[in-house]
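Asker: My file is target-v3.cif. It has mmCIF, C-alpha atoms:
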```
data_data
loop_
_atom_site.label_atom_id
_atom_site.label_comp_id
_atom_site.auth_asym_id
_atom_site.auth_seq_id
_atom_site.Cartn_x
_atom_site.Cartn_y
_atom_site.Cartn_z
CA MET A 162 -72.54 196.25 97.67
CA ARG A 163 -75.65 196.66 99.75
CA LEU A 164 -75.15 193.25 101.39
CA ARG A 165 -71.57 194.10 102.31
CA PHE A 166 -72.65 197.42 103.81
CA LEU A 167 -75.46 195.82 105.84
CA ALA A 168 -73.16 193.01 106.93
CA GLY A 169 -70.74 195.61 108.22
CA LEU A 170 -73.53 197.18 110.25
CA LEU A 171 -74.31 193.81 111.85
CA VAL A 172 -70.69 192.96 112.66
CA LEU A 173 -70.02 196.29 114.31
CA ALA A 174 -73.27 196.12 116.23
CA LEU A 175 -72.20 192.74 117.62
CA LEU A 176 -68.77 194.09 118.48
CA GLY A 177 -70.34 197.04 120.28
CA GLY A 178 -68.96 199.80 118.06
CA ALA A 179 -65.55 201.25 117.33
CA GLY A 180 -64.45 200.86 120.92
CA CYS A 181 -64.17 197.09 120.44
CA VAL A 182 -61.71 197.42 117.56
CA SER A 183 -58.27 196.67 118.97
CA PRO A 184 -55.45 199.23 118.64
CA GLU A 185 -53.54 196.71 116.49
CA ILE A 186 -56.42 196.33 114.04
CA ARG A 187 -57.11 200.07 114.16
CA GLY A 188 -53.49 200.78 113.24
CA SER A 189 -53.48 198.31 110.34
CA LEU A 190 -56.68 199.83 108.94
CA GLY A 191 -55.40 203.42 109.15
CA THR A 192 -57.41 206.36 110.49
CA PRO A 193 -60.96 207.39 109.59
CA ASP A 194 -59.66 210.74 108.30
CA LEU A 195 -57.13 209.02 106.02
CA HIS A 196 -59.73 206.70 104.53
CA MET A 197 -62.20 209.57 104.13
CA GLU A 198 -59.58 211.58 102.23
CA ASN A 199 -58.75 208.61 100.00
CA GLY A 200 -62.44 207.95 99.39
CA LYS A 201 -63.06 211.54 98.31
CA LYS A 202 -60.16 211.37 95.85
CA PHE A 203 -61.45 208.14 94.33
CA LEU A 204 -64.94 209.68 94.14
CA GLU A 205 -63.60 212.63 92.14
CA MET A 206 -61.90 210.18 89.75
CA GLU A 207 -65.19 208.22 89.48
CA LYS A 208 -63.48 205.10 90.80
CA TYR A 209 -66.56 204.20 92.76
CA GLY A 210 -65.54 200.71 93.86
CA ASP A 211 -62.30 202.01 95.37
CA ALA A 212 -64.17 204.93 96.95
CA LEU A 213 -66.71 202.57 98.50
CA ARG A 214 -63.95 200.47 100.02
CA GLU A 215 -62.28 203.51 101.61
CA PHE A 216 -65.52 204.94 103.01
CA GLU A 217 -66.49 201.53 104.44
CA ARG A 218 -63.10 201.31 106.19
CA ALA A 219 -63.60 204.78 107.65
CA TRP A 220 -67.02 203.70 108.87
CA GLU A 221 -65.63 200.49 110.36
CA LEU A 222 -63.23 202.56 112.44
CA ASN A 223 -65.93 205.05 113.44
CA PRO A 224 -69.46 203.66 112.98
CA ARG A 225 -71.00 206.97 114.05
CA LEU A 226 -69.22 209.04 111.39
CA SER A 227 -72.10 210.31 109.27
CA GLU A 228 -69.71 211.67 106.64
CA ALA A 229 -68.57 208.10 105.94
CA GLY A 230 -72.20 207.09 105.43
CA VAL A 231 -72.64 209.91 102.91
CA GLY A 232 -69.50 208.73 101.13
CA ILE A 233 -70.86 205.17 100.98
CA ALA A 234 -74.11 206.54 99.57
CA LEU A 235 -72.34 208.53 96.84
CA ALA A 236 -70.08 205.62 95.88
CA SER A 237 -73.07 203.26 95.81
CA ALA A 238 -74.98 205.69 93.59
CA GLY A 239 -71.97 205.81 91.28
CA LEU A 240 -72.22 202.01 91.05
CA MET A 241 -75.98 202.40 90.41
CA ASP A 242 -76.81 200.56 93.62
CA TYR A 243 -79.48 203.03 94.69
CA PRO A 244 -81.08 200.90 97.45
CA ALA A 245 -77.66 200.72 99.14
CA ALA A 246 -77.24 204.47 98.68
CA GLU A 247 -80.61 205.10 100.35
CA ALA A 248 -79.77 202.74 103.24
CA ALA A 249 -76.45 204.52 103.80
CA LEU A 250 -78.13 207.93 103.79
CA GLU A 251 -80.72 206.80 106.31
CA GLN A 252 -77.99 205.54 108.63
CA ALA A 253 -75.95 208.71 108.11
CA GLU A 254 -78.98 210.84 108.94
CA ARG A 255 -79.44 209.02 112.26
CA ASP A 256 -75.74 209.40 113.08
CA SER A 257 -75.60 213.06 112.02
CA TRP A 258 -77.49 214.21 115.11
CA LEU A 259 -74.59 212.88 117.18
CA ASP A 260 -71.74 214.39 115.19
CA GLY A 261 -73.50 217.62 114.18
CA ARG A 262 -73.29 217.06 110.42
CA ALA A 263 -76.96 216.85 109.48
CA SER A 264 -76.50 219.57 106.85
CA GLY A 265 -73.80 217.48 105.16
CA VAL A 266 -76.17 214.52 104.96
CA ALA A 267 -78.83 216.70 103.31
CA VAL A 268 -76.26 217.86 100.74
CA GLY A 269 -75.29 214.22 100.18
CA ARG A 270 -78.93 213.41 99.47
CA ILE A 271 -79.06 216.16 96.83
CA ARG A 272 -75.96 214.71 95.19
CA VAL A 273 -77.26 211.12 95.23
CA LEU A 274 -80.59 212.19 93.74
CA THR A 275 -78.77 214.14 91.03
CA MET A 276 -76.60 211.14 90.18
CA GLY A 277 -79.56 208.78 89.89
CA ARG A 278 -82.30 211.19 88.78
CA GLU A 279 -85.23 209.32 87.18
CA ARG A 280 -83.62 205.99 87.99
CA ILE A 281 -84.30 206.78 91.65
CA SER A 282 -87.57 208.66 91.46
CA GLY A 283 -89.73 210.54 88.99
CA ASP A 284 -89.88 213.47 91.43
CA TRP A 285 -86.14 213.45 92.13
CA LEU A 286 -85.78 217.22 91.59
CA ALA A 287 -88.57 218.02 94.08
CA ARG A 288 -86.95 215.70 96.61
CA ALA A 289 -83.61 217.39 96.01
CA GLU A 290 -85.27 220.77 96.60
CA ASP A 291 -86.63 219.49 99.94
CA ALA A 292 -83.13 218.38 100.94
CA PHE A 293 -81.76 221.78 99.86
CA GLN A 294 -84.22 223.67 102.04
CA ARG A 295 -83.35 221.42 104.96
CA ALA A 296 -79.61 221.97 104.47
CA ARG A 297 -80.15 225.74 104.36
CA ARG A 298 -82.07 225.68 107.65
CA LEU A 299 -79.38 223.59 109.31
CA ASP A 300 -76.41 225.61 108.02
CA PRO A 301 -77.44 228.96 106.47
CA ASP A 302 -73.85 230.08 105.87
CA SER A 303 -72.69 227.03 103.91
CA ASP A 304 -72.34 227.22 100.12
CA ALA A 305 -72.25 223.42 99.66
CA SER A 306 -76.02 223.04 99.42
CA TRP A 307 -76.32 225.89 96.90
CA TYR A 308 -73.60 224.35 94.72
CA ALA A 309 -75.16 220.86 94.88
CA MET A 310 -78.59 222.25 93.99
CA GLY A 311 -77.07 224.20 91.12
CA LEU A 312 -75.76 220.94 89.69
CA ALA A 313 -79.20 219.37 90.19
CA HIS A 314 -80.89 222.13 88.18
CA LYS A 315 -78.21 221.86 85.52
CA MET A 316 -78.87 218.13 85.12
CA ALA A 317 -82.60 218.88 84.89
CA PHE A 318 -81.85 221.46 82.13
CA ASP A 319 -83.30 224.21 84.29
CA LEU A 320 -80.37 226.38 83.28
CA SER A 321 -81.65 229.75 84.50
CA GLU A 322 -82.20 228.37 88.00
CA ALA A 323 -78.82 226.64 87.91
CA LYS A 324 -77.16 229.96 87.08
CA ARG A 325 -78.99 231.61 89.98
CA MET A 326 -77.66 228.96 92.36
CA PHE A 327 -74.09 229.23 91.10
CA ALA A 328 -74.24 233.03 91.22
CA ALA A 329 -75.23 232.80 94.90
CA VAL A 330 -72.25 230.51 95.56
CA ILE A 331 -69.90 232.95 93.82
CA GLN A 332 -71.30 235.82 95.90
CA LYS A 333 -70.75 233.86 99.12
CA ASN A 334 -67.10 233.47 98.08
CA GLY A 335 -66.75 230.24 100.05
CA PRO A 336 -65.02 226.91 99.34
CA HIS A 337 -67.13 226.18 96.26
CA ALA A 338 -66.86 229.63 94.64
CA GLN A 339 -64.20 228.71 92.08
CA LYS A 340 -66.08 225.60 90.95
CA ALA A 341 -69.32 227.57 90.78
CA ASP A 342 -67.66 230.17 88.57
CA ALA A 343 -66.57 227.42 86.16
CA GLN A 344 -70.08 225.95 86.16
CA PHE A 345 -71.64 229.36 85.51
CA ALA A 346 -69.40 229.81 82.46
CA LEU A 347 -70.21 226.28 81.30
CA ILE A 348 -73.95 226.92 81.46
CA GLN A 349 -73.51 230.07 79.40
CA ARG A 350 -71.87 227.88 76.75
CA MET A 351 -74.70 225.35 77.05
CA GLU A 352 -77.24 228.12 76.44
CA LEU A 353 -75.23 229.41 73.49
CA ALA A 354 -75.06 225.92 71.96
CA GLY A 355 -78.85 225.66 71.94
CA ALA A 356 -79.39 221.92 71.47
CA GLN A 357 -82.27 221.10 69.11
CA THR A 358 -82.57 217.38 69.86
CA GLU A 359 -82.51 215.08 72.87
CA ALA A 360 -79.14 213.73 71.70
CA GLY A 361 -77.82 217.29 71.77
CA ARG A 362 -79.25 217.93 75.23
CA GLN A 363 -77.59 214.83 76.59
CA ALA A 364 -74.28 215.76 74.97
CA LEU A 365 -74.40 219.14 76.71
CA LEU A 366 -74.08 217.36 80.04
CA SER A 367 -70.91 215.50 79.02
CA GLU A 368 -67.51 216.71 80.08
CA SER A 369 -66.06 214.17 77.65
CA LEU A 370 -67.99 213.41 74.44
CA SER A 371 -68.14 209.73 73.50
CA ARG A 372 -67.94 208.27 69.99
CA GLY A 373 -71.58 207.22 70.24
CA GLN A 374 -72.59 210.76 71.18
CA ALA A 375 -70.49 212.17 68.33
CA ALA A 376 -72.35 209.89 65.90
CA ALA A 377 -75.68 211.07 67.34
CA LEU A 378 -74.71 214.74 66.96
CA LEU A 379 -73.81 214.23 63.31
CA ILE A 380 -77.06 212.45 62.49
CA ARG A 381 -79.48 214.36 64.73
CA GLU A 382 -78.13 217.89 65.28
CA LEU A 383 -76.42 218.22 61.90
CA ASP A 384 -79.06 216.22 60.00
CA GLY A 385 -76.21 214.14 58.65
CA THR A 386 -78.29 211.74 56.59
CA ARG A 387 -78.98 214.73 54.32
CA PHE A 388 -75.54 216.36 54.43
CA LEU A 389 -73.12 213.46 54.74
CA SER A 390 -74.46 210.65 52.57
CA GLN A 391 -71.97 211.47 49.81
CA GLY A 392 -69.27 208.82 49.90
CA THR A 393 -71.34 206.26 51.81
CA ILE A 394 -69.65 202.88 51.59
CA ALA A 395 -70.67 199.31 52.30
CA ARG A 396 -69.37 198.20 55.70
CA LEU A 397 -70.08 195.44 58.15
CA ASP A 398 -72.16 196.61 61.08
CA PRO A 399 -70.01 197.25 64.19
CA THR A 400 -70.14 194.26 66.53
CA ASP A 401 -70.77 196.39 69.63
CA ALA A 402 -73.53 198.70 68.36
CA ALA A 403 -76.47 196.40 69.12
CA GLY A 404 -78.56 197.61 72.03
CA HIS A 405 -76.74 200.93 72.38
CA PRO A 406 -79.01 203.98 72.86
CA TYR A 407 -77.52 205.44 69.67
CA GLU A 408 -77.41 202.19 67.70
CA ALA A 409 -79.14 203.61 64.62
CA GLU A 410 -76.87 206.66 64.52
CA ILE A 411 -73.74 204.55 65.02
CA LEU A 412 -74.73 202.23 62.16
CA ALA A 413 -75.42 205.21 59.88
CA VAL A 414 -72.07 206.87 60.64
CA ALA A 415 -70.19 203.57 60.37
CA ALA A 416 -71.68 203.05 56.89
CA MET A 417 -70.52 206.52 55.85
CA GLY A 418 -66.95 205.86 56.99
CA ILE A 419 -66.57 209.31 58.54
CA HIS A 420 -62.91 210.10 59.14
CA GLY A 421 -62.31 210.10 62.91
CA LEU A 422 -65.29 207.81 63.55
CA ILE A 423 -64.51 204.76 61.42
CA THR A 424 -65.05 201.24 62.73
CA TYR A 425 -61.91 199.74 64.27
CA PRO A 426 -60.08 196.87 62.51
CA ASP A 427 -61.50 194.37 65.02
CA GLY A 428 -65.04 195.27 63.91
CA THR A 429 -65.93 197.36 66.97
CA PHE A 430 -67.07 200.96 67.09
CA ARG A 431 -66.36 201.45 70.81
CA PRO A 432 -69.27 203.87 71.31
CA ASP A 433 -68.34 204.78 74.91
CA GLU A 434 -64.74 205.67 74.09
CA PRO A 435 -64.01 209.41 74.46
CA VAL A 436 -63.37 211.58 71.42
CA THR A 437 -60.24 213.74 71.49
CA ARG A 438 -60.17 217.28 70.15
CA GLY A 439 -57.85 216.15 67.35
CA HIS A 440 -60.21 213.39 66.25
CA PHE A 441 -63.19 215.72 66.50
CA ALA A 442 -61.40 218.15 64.18
CA GLN A 443 -61.03 215.27 61.69
CA ILE A 444 -64.75 214.49 62.02
CA LEU A 445 -65.70 218.10 61.30
CA GLU A 446 -63.28 218.35 58.38
CA ASP A 447 -64.66 215.20 56.74
CA ALA A 448 -68.24 216.35 57.34
CA LEU A 449 -67.46 219.72 55.72
CA ILE A 450 -65.84 218.04 52.71
CA ARG A 451 -68.83 215.72 52.20
CA ALA A 452 -71.43 218.44 52.65
CA THR A 453 -69.74 220.91 50.27
CA GLY A 454 -68.01 218.54 47.87
CA SER A 455 -64.75 220.50 48.35
CA ARG A 456 -62.23 217.67 48.22
CA GLY A 457 -59.35 220.14 48.17
CA LEU A 458 -59.97 220.91 51.85
CA ALA A 459 -58.23 217.66 52.77
CA HIS A 460 -54.89 219.13 51.61
CA GLU A 461 -55.57 222.84 51.99
CA PHE A 462 -52.74 223.47 54.47
CA ALA A 463 -50.12 221.07 53.06
CA GLY A 464 -46.68 222.61 53.47
CA ASN A 465 -47.88 225.36 55.83
CA SER A 466 -46.30 225.94 59.21
CA SER A 467 -48.36 225.35 62.34
CA PRO A 468 -49.39 228.13 64.74
CA PHE A 469 -49.98 225.53 67.46
CA PRO A 470 -46.92 224.26 69.38
CA ASP A 471 -48.70 220.97 70.13
CA VAL A 472 -49.92 220.34 66.54
CA PRO A 473 -46.83 220.11 64.32
CA LYS A 474 -47.43 220.12 60.58
CA GLY A 475 -46.53 216.44 60.39
CA SER A 476 -49.23 215.34 62.85
CA PRO A 477 -52.15 213.26 61.51
CA TRP A 478 -54.69 215.92 62.46
CA PHE A 479 -52.75 219.03 61.41
CA ASN A 480 -54.83 219.84 58.31
CA ALA A 481 -58.11 219.10 60.09
CA VAL A 482 -57.16 221.34 63.00
CA MET A 483 -56.22 224.15 60.63
CA VAL A 484 -59.47 223.76 58.65
CA CYS A 485 -61.48 223.98 61.86
CA ALA A 486 -59.46 226.81 63.41
CA THR A 487 -59.53 229.04 60.31
CA ARG A 488 -63.29 228.60 59.91
CA GLY A 489 -64.22 229.19 63.53
CA LEU A 490 -65.37 225.62 64.16
CA MET A 491 -62.87 225.00 66.97
CA HIS A 492 -60.59 227.30 68.93
CA THR A 493 -57.35 227.31 70.88
CA ARG A 494 -57.78 225.50 74.17
CA ASP A 495 -55.03 227.35 76.05
CA LEU A 496 -54.91 231.00 74.97
CA ALA A 497 -51.81 231.85 77.02
CA ALA A 498 -49.68 229.07 75.51
CA GLY A 499 -51.44 228.96 72.15
CA ARG A 500 -52.12 225.23 72.57
CA PHE A 501 -54.87 223.43 70.69
CA ALA A 502 -54.68 220.39 73.03
CA PRO A 503 -55.48 217.73 70.37
CA THR A 504 -55.25 214.81 72.79
CA ASP A 505 -57.63 216.32 75.37
CA PRO A 506 -61.22 215.10 75.36
CA VAL A 507 -63.74 217.35 73.64
CA SER A 508 -66.57 218.47 75.90
CA GLY A 509 -70.22 218.13 74.95
CA PRO A 510 -70.89 221.90 74.89
CA ASP A 511 -67.80 222.55 72.74
CA ALA A 512 -68.79 219.75 70.36
CA LEU A 513 -72.33 221.06 70.01
CA LEU A 514 -71.12 224.61 69.40
CA ALA A 515 -68.80 223.28 66.68
CA VAL A 516 -71.60 221.30 65.03
CA LYS A 517 -73.84 224.36 65.17
CA ALA A 518 -71.11 226.48 63.52
CA LEU A 519 -70.58 223.77 60.89
CA LYS A 520 -74.29 223.74 60.04
CA ARG A 521 -74.26 227.53 59.57
CA LEU A 522 -71.19 227.23 57.35
CA ILE A 523 -72.79 224.52 55.21
CA ASN A 524 -76.02 226.51 54.82
CA SER A 525 -74.28 229.81 54.03
#
```
Could the structure of this file be written out as structure tokens, please?
Answerer:
Amino acid sequence: MRLRFLAGLLVLALLGGAGCVSPEIRGSLGTPDLHMENGKKFLEMEKYGDALREFERAWELNPRLSEAGVGIALASAGLMDYPAAEAALEQAERDSWLDGRASGVAVGRIRVLTMGRERISGDWLARAEDAFQRARRLDPDSDASWYAMGLAHKMAFDLSEAKRMFAAVIQKNGPHAQKADAQFALIQRMELAGAQTEAGRQALLSESLSRGQAAALLIRELDGTRFLSQGTIARLDPTDAAGHPYEAEILAVAAMGIHGLITYPDGTFRPDEPVTRGHFAQILEDALIRATGSRGLAHEFAGNSSPFPDVPKGSPWFNAVMVCATRGLMHTRDLAAGRFAPTDPVSGPDALLAVKALKRLINS
């Protein structure tokens, strides 16, 4: 990626800039604004390769567009090509004095540092703070820098400072106010969850919990080797667990045969696959049965009607959802419609709160 970006710089330098691009070529490539808009959409979807392509096309059409350089930096960081991200930011910073968007480049630097964190630099948060102060000086009225720095503090688990940043964004009532309000509420849930282990802390940052993270929560936060060993069965080790950060936890859970986290028929565990709310309800139900020895829980709601329009009584996770809902382990996702949303991903904070509630229930 870095070579392609640098090659583009050389080609456009030889051509003498955007003015040498013919109208025919310019028309076939689209407009810088169109490619910027497409790039931002791909960035939000975390389709970093597609985003990089769109930002590079915008830059090809306007080599002095610093916003395109920031986009290239963010997409490169998403692809973990941090040298390319740094090169793009440096170029964008030089161009920003021509297009008046130096504050935007500083915000971009905060975002890149937050994406890479220790992989970029051990003092990434201090560098992000420097970029934040610079962005504030350049554009005191903008809320973008405050929002970006709030996310940086959140990723550093400096939750009180993150809340202060998001509160300032909400007070400014600018373009990022609604997102800041959602982040403020999320951090309150993170604080309430109170992770006790590093696995729990990492899960708190996940909008979508993975199977590997779910295994780690059961073993580390719940102390599952003590609670869940009942019913342990002999199984082949999953073929894709080796080398995973949570390899030991995955192997332990796979041996237990936890409902909702069993090894797939092809021998894989698929540790990076997201866990749905329905499957997480099954995980919690099985964990509760094993920890308490109450086998009757597996059929407790047989024949009952469902209060959830999206979880009919014939669904595979109906009983698990009811067990969790009636014991305060999980709650309705959409209060207005009464939906449980069983096919939606479960977030890290929600998962940790559920595990915390399960531990209290087991110990009561």
Asker: For A:Leu389, find every residue with an atom within 7 Å (counting all atoms listed in the file), except residues of its own chain fewer than 2 positions away, and show them as a list of chain:residue names.
Answerer: A:Gly385, A:Thr386, A:Arg387, A:Gln391, A:Ala448, A:Arg451, A:Ala452
Asker: Which residues come within 8 Å of A:Phe462, counting all atoms listed in the file, excluding same-chain residues fewer than 5 positions away, as a list of chain:residue names?
Answerer: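 The residues that qualify are A:Asn480, A:Met483, A:Val484.
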Asker: Name the residues captured by the PyMOL selection byres ((chain A and resi 376) around 8) when it is applied to the shown file; answer as a list in words.
Answerer: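 On this input, the PyMOL selection byres ((chain A and resi 376) around 8) captures Arg372, Gly373, Gln374, Ala375, Ala377, Leu378, Leu379, Ile380, Tyr407, Glu410, Ile411, Val414 and Leu422 of chain A.
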Asker: For this structure, which residues satisfy the selection - the PyMOL selection byres ((chain A and resi 312-325) around 10) - when it is evaluated on the file as given? I want them as an mmCIF file with C-alpha atoms, in the coordinates of the input.
Answerer:
```
data_model
loop_
_atom_site.group_PDB
_atom_site.id
_atom_site.type_symbol
_atom_site.label_atom_id
_atom_site.label_comp_id
_atom_site.auth_asym_id
_atom_site.auth_seq_id
_atom_site.Cartn_x
_atom_site.Cartn_y
_atom_site.Cartn_z
ATOM 1 C CA ILE A 271 -79.060 216.160 96.830
ATOM 2 C CA ARG A 272 -75.960 214.710 95.190
ATOM 3 C CA VAL A 273 -77.260 211.120 95.230
ATOM 4 C CA LEU A 274 -80.590 212.190 93.740
ATOM 5 C CA THR A 275 -78.770 214.140 91.030
ATOM 6 C CA MET A 276 -76.600 211.140 90.180
ATOM 7 C CA ARG A 278 -82.300 211.190 88.780
ATOM 8 C CA TRP A 285 -86.140 213.450 92.130
ATOM 9 C CA LEU A 286 -85.780 217.220 91.590
ATOM 10 C CA ALA A 289 -83.610 217.390 96.010
ATOM 11 C CA GLU A 290 -85.270 220.770 96.600
ATOM 12 C CA SER A 306 -76.020 223.040 99.420
ATOM 13 C CA TRP A 307 -76.320 225.890 96.900
ATOM 14 C CA TYR A 308 -73.600 224.350 94.720
ATOM 15 C CA ALA A 309 -75.160 220.860 94.880
ATOM 16 C CA MET A 310 -78.590 222.250 93.990
ATOM 17 C CA GLY A 311 -77.070 224.200 91.120
ATOM 18 C CA MET A 326 -77.660 228.960 92.360
ATOM 19 C CA PHE A 327 -74.090 229.230 91.100
ATOM 20 C CA ALA A 328 -74.240 233.030 91.220
ATOM 21 C CA ALA A 329 -75.230 232.800 94.900
ATOM 22 C CA VAL A 330 -72.250 230.510 95.560
ATOM 23 C CA ILE A 331 -69.900 232.950 93.820
ATOM 24 C CA ALA A 341 -69.320 227.570 90.780
ATOM 25 C CA ASP A 342 -67.660 230.170 88.570
ATOM 26 C CA GLN A 344 -70.080 225.950 86.160
ATOM 27 C CA PHE A 345 -71.640 229.360 85.510
ATOM 28 C CA ALA A 346 -69.400 229.810 82.460
ATOM 29 C CA LEU A 347 -70.210 226.280 81.300
ATOM 30 C CA ILE A 348 -73.950 226.920 81.460
ATOM 31 C CA GLN A 349 -73.510 230.070 79.400
ATOM 32 C CA MET A 351 -74.700 225.350 77.050
ATOM 33 C CA GLU A 352 -77.240 228.120 76.440
ATOM 34 C CA ARG A 362 -79.250 217.930 75.230
ATOM 35 C CA GLN A 363 -77.590 214.830 76.590
ATOM 36 C CA LEU A 365 -74.400 219.140 76.710
ATOM 37 C CA LEU A 366 -74.080 217.360 80.040
#
```
Asker: Name the residues that the PyMOL selection byres ((chain A and resi 493) around 12) picks from the file above, as a ChimeraX atom specification, using the file's chain letters and numbers.
Answerer: /A:438-439,468-472,482-483,485-487,489-492,494-503,505,511
Asker: Excluding A:Asp398 and its own-chain neighbours fewer than 3 positions away, which residues fall within 10 Å of it when counting only C-alpha atoms? Please give them as an mmCIF file with C-alpha atoms, in the frame of the given file.
Answerer:
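Saved to result20.cif:
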```cif
data_model
loop_
_atom_site.group_PDB
_atom_site.id
_atom_site.type_symbol
_atom_site.label_atom_id
_atom_site.label_comp_id
_atom_site.auth_asym_id
_atom_site.auth_seq_id
_atom_site.Cartn_x
_atom_site.Cartn_y
_atom_site.Cartn_z
ATOM 1 C CA ALA A 395 -70.670 199.310 52.300
ATOM 2 C CA ASP A 401 -70.770 196.390 69.630
ATOM 3 C CA ALA A 402 -73.530 198.700 68.360
ATOM 4 C CA ALA A 403 -76.470 196.400 69.120
ATOM 5 C CA ILE A 411 -73.740 204.550 65.020
ATOM 6 C CA LEU A 412 -74.730 202.230 62.160
ATOM 7 C CA ALA A 413 -75.420 205.210 59.880
ATOM 8 C CA ALA A 415 -70.190 203.570 60.370
ATOM 9 C CA ALA A 416 -71.680 203.050 56.890
ATOM 10 C CA THR A 424 -65.050 201.240 62.730
ATOM 11 C CA GLY A 428 -65.040 195.270 63.910
ATOM 12 C CA THR A 429 -65.930 197.360 66.970
ATOM 13 C CA PHE A 430 -67.070 200.960 67.090
#
```
Asker: For A:Ser227, which residue among A:Phe203, A:Gly355, A:Glu254, A:Tyr209 is the nearest when counting all atoms listed in the file?
Answerer: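 Distance minimum relative to A:Ser227 lands on A:Glu254.
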Asker: With the cut-off set at 6 Å and counting only C-alpha atoms, tabulate each residue of stretch 277-307 of chain A with an atom at most that distance from an atom of stretch 261-267 of chain A, showing the nearest atom pair and its distance in Å to one decimal, ordered by chain and increasing number, as JSON lines.
Answerer:
```
{"residue": "A:Ala292", "atom": "CA", "partner": "A:Ala267", "partner_atom": "CA", "distance": 5.2}
{"residue": "A:Ala296", "atom": "CA", "partner": "A:Ser264", "partner_atom": "CA", "distance": 4.6}
{"residue": "A:Leu299", "atom": "CA", "partner": "A:Ser264", "partner_atom": "CA", "distance": 5.5}
```
Asker: Using C-alpha atoms, can you write the selected residues to a file as a compact mmCIF listing (two decimals), keeping the file's coordinate frame?
Answerer:
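Written file, result_37.txt:
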```txt
# COMPACT_ATOMS: atom_id res chain seq x y z
CA ALA A 292 -83.13 218.38 100.94
CA ALA A 296 -79.61 221.97 104.47
CA LEU A 299 -79.38 223.59 109.31
```
